[in-house]
Each structure stands twice: as C-alpha cells, then as structure tokens.
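Here's the structure, in structure tokens; my notes come after.
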Amino acid sequence: MIKAVLFDLDGTFADTAPDLAAALNHARASRDLPPLPLDVLRPQASHGSPGLIKVGFGIEPDHPDFVPLRDVFLDYYARNICVHTQLFLDTAQLITELERRGIEWGIVTNKPHRFTQPLMQALGYAQRAACLISGDTCAHAKPHPEPLLHACKLMGVTPAESLYLGDDLRDMQAANAAGMRGIIASYGYVGADASVENWQAYGSVNRPTELLRYLPL
C-alpha cells in the first residue's frame with residue numbers, strides 16, 4: 001500500500017520555467033544578447049543553471065564566463081522567484097486529495113535550498129509538505145537515491161510504500177536505485193527527444209490527478 005508521494009519540483013509540482021527563462025534572458029541582456037523564447041528554454045528548466053546557461057550562451061561549467069553568468073542568473077532568480085511560477089494543472093486538487101486520504105507528501109528536488117524554501121513558501125505549500133529535500137540537503141543529489149531515502153526516513157515510510165513523480169531521467173534513476181516506484185510526469189519538461197520508454201518507470205501520467213489511480217482510496 002502506498003503511504004507517501006514525493007514530487008520533483010521544477011516541471012512536476014510547479015511550472016517554474018517562466019521565471020527561470022526570465023532570469024536567463026536577464027543574464028543574456030547583460031551581454032547585450034536578445035531574449036530567447038520560452039518554448040526554447042522550457043525543456044531545459046529541469047536542468048538548473050548549467051542547462052539553461054548552456055542553451056543561452058553555448059558554454060559549459062568549465063568555461064571562464066560560466067560562473068559570472070551563473071551569478072547574474074541566480075541573483076535575478078532569487079529576487080524574482082515566484083512572479084509567473086504557478087502549480088501545474090490540477091496539482092492543488094491532487095494535494096488536497098492526498099491529504100484527505102491521509103497520504104503524506106513531500107518535495108525532493110535538485111534545486112538548492114536557498115530557492116526551494118522561498119519558492120514553496122510563496123506558493124503556499126511549504127508548511128503542508130511533510131518534507132522539503134533540496135539538492136544540497138544530502139551529500140548526494142539525484143540521480144543518487146540518497147535524497148529519496150532521506151525523505152522516506154523523515155516521513156517514516158519505506159521506499160516500497162512510496163511513489164516518486166518526476167519529469168526527468170534522473171528522477172526515474174533515483175527512484176529505481178531507492179527501490180521506489182517512479183512515475184513520469186509527462187506534462188512537465190520532458191524533451192521531445194527523450195526516450196522515456198527506456199527510463200524504466202513504473203508508469204506515467206498526463207496530468208497530476210492521474211496519479212490517484214496508483215493510490216489506495
């Protein structure tokens with residue numbers, strides 16, 4: 001029986017791409033570059049600053065310009081973290097139903113704590129979540145299973161009693177490594193070129209409330 005549901009944050013729990021794209025385009029403007037459209041940046045929103053800076057400037061983290069551009073990007077994002085961000089589709093309905101059924105839920109993201117906490121606070125869900133596990137909470141981030149295992153420990157459940165909903169390959173890798181059922185949030189930032197059939201997921205959903213079919217009444 002499933003007793004807990006864990007969510008990735010960017011691209012699964014909340015649509016953060018508009019604010020991340022705004023931060024990236026602010027960094028581009030600092031170099032006198034024109035903005036990139038949201039549909040170009042959205043697929044990279046789950047990959048954090050390295051993925052966005054790569055698509056925005058064509059550079060990797062070892063490039064000398066990477067750190068200065070990342071700092072501009074993150075500073076702007078920290079100050080504008082929930083301007084256009086909102087919950088995905090019927091996420092609010094799903095959370096309400098989980099709580100009605102007495103199923104614990106929490107967030108496990110690779111987003112640093114300095115962004116996870118204020119974003120969840122701004123969305124109004126920080127206090128409702130049983131746990132908020134960020135990319136720097138544990139010694140390892142996803143795809144390592146440690147963050148998911150830590151979440152289970154905090155909630156007092158086993159991995160076998162838990163589901164993890166995410167929109168990236170590393171989410172399914174972490175779930176499988178933790179002995180947890182991984183569900184693909186196909187409504188999220190899954191790229192058009194993603195081979196999701198090779199992600200070894202337990203299932204997939206096209207909208208958040210479809211997750212209820214995997215849960216006890």
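The chains in the structure tokens are called A, B, ... from first to last as shown; in each chain the residues are counted from 1, and the ligands are counted from 1 in the order shown.
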
query: Within 9 Å of A:Leu148, counting only C-alpha atoms, which residues qualify if same-chain residues fewer than 5 places away don't, as a VMD selection string?
result: chain A and resid 6 108 133 142 153 159 164 174 to 175 178 180

Deliver the residues from the most recent selection as a file, using C-alpha atoms, as a compact mmCIF listing (two decimals), in the first residue's frame.
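Okay, this is what ended up in again09.txt:
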# COMPACT_ATOMS: atom_id res chain seq x y z
CA LEU A 6 7.18 12.52 -3.38
CA VAL A 108 12.62 16.03 -3.48
CA ILE A 133 14.55 17.87 0.31
CA LYS A 142 19.62 12.87 -7.82
CA LYS A 153 13.18 8.31 6.71
CA PRO A 159 10.62 3.21 -0.33
CA TYR A 164 8.09 9.45 -6.85
CA ALA A 174 16.91 7.81 -8.36
CA ALA A 175 13.57 6.12 -7.74
CA ALA A 178 15.98 3.70 -3.96
CA MET A 180 10.73 3.15 -5.15

message: So that I can see what lies close to A:Glu104, please list as a PyMOL selection string the residues with an atom at most 10 Å from it, counting only C-alpha atoms and leaving out residues fewer than 3 positions away in the same chain.
response: chain A and resi 2-6+95+98-99+101+128-131+155-157+162

Could you produce a table of the residues of stretch 106-138 of chain A lying within 12 Å of stretch 60-83 of chain A, with the nearest pair of atoms per residue and their separation in Å rounded to one decimal, using only C-alpha atoms, ordered by chain and increasing residue number, as a tab-separated table?
residue	atom	partner	partner_atom	distance
A:Lys111	CA	A:Leu74	CA	11.5
A:Pro112	CA	A:Leu74	CA	10.8
A:His113	CA	A:Ala78	CA	11.3
A:Arg114	CA	A:Ala78	CA	8.1
A:Phe115	CA	A:Ala78	CA	6.7
A:Thr116	CA	A:Ile81	CA	9.6
A:Gln117	CA	A:Ile81	CA	10.7
A:Pro118	CA	A:Ile81	CA	7.9
A:Leu119	CA	A:Ile81	CA	6.3
A:Met120	CA	A:Cys82	CA	9.2
A:Gln121	CA	A:Cys82	CA	9.7
A:Ala122	CA	A:Cys82	CA	6.6
A:Leu123	CA	A:Cys82	CA	7.7
A:Gly124	CA	A:Cys82	CA	11.1

Export of the given selection (C-alpha atoms) as a compact mmCIF listing (two decimals), in the first residue's frame:
# COMPACT_ATOMS: atom_id res chain seq x y z
CA LYS A 111 17.10 22.84 -6.63
CA PRO A 112 19.28 24.38 -3.86
CA HIS A 113 17.60 25.04 -0.51
CA ARG A 114 18.05 28.81 -0.93
CA PHE A 115 15.48 28.61 -3.74
CA THR A 116 13.35 25.62 -2.71
CA GLN A 117 12.20 27.03 0.63
CA PRO A 118 11.19 30.54 -0.52
CA LEU A 119 9.50 29.19 -3.65
CA MET A 120 7.41 26.67 -1.74
CA GLN A 121 6.63 29.39 0.80
CA ALA A 122 5.48 31.76 -1.96
CA LEU A 123 3.31 29.02 -3.46
CA GLY A 124 1.74 28.42 -0.04

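Between atom CA of A:Ile184 and atom CA of A:Glu197 there is a distance of 10.3 Å.
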
field: Nearest residue to A:His84 from the set A:Leu33, A:Thr16, A:Val40, A:Asn110 (distances using only C-alpha atoms)
entry: A:Thr16

statement: Of A:Pro208, A:Pro145, A:Pro37, A:Gly51, the one sitting nearest A:Ser186 when using only C-alpha atoms is A:Pro208

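The gap separating atom CA of A:Met172 from atom CA of A:Gln200 is 6.9 Å, in Å to one decimal.
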
query: Contacts of A:Gly56 at 9 Å or less, counting only C-alpha atoms, minus same-chain residues fewer than 4 places along, as a PyMOL selection string?
result: chain A and resi 24-25+27-28+35-36+41+51-52

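Straight-line separation from atom CA of A:Gly11 to atom CA of A:Asp167: 6.2 Å.
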
message: Could you go through stretch 15-209 of chain A and tell me which residues DSSP, when run on the backbone, assigns to strand (DSSP E), listing them as a list in words?
response: Asp15, Gln86, Leu87, Glu104, Trp105, Gly106, Ile107, Val108, Leu132, Ile133, Ser162, Leu163, Tyr164, Leu165, Gly166, Arg181, Gly182, Ile183, Ile184, Ala185, Gly203, Ser204 and Val205 of chain A

message: Write out as a PyMOL selection string the set of residues from stretch 86-185 of chain A that DSSP, computed on the backbone, places in alpha helix (DSSP H).
response: chain A and resi 91-100+113-123+146-155+169-178

message: Ranking A:Leu38, A:Leu215, A:Ala151, A:Ala23 by minimum distance to A:Cys138 and counting only C-alpha atoms, which one comes first?
response: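 Looking at the shortest contact to A:Cys138, the residue is A:Ala151.
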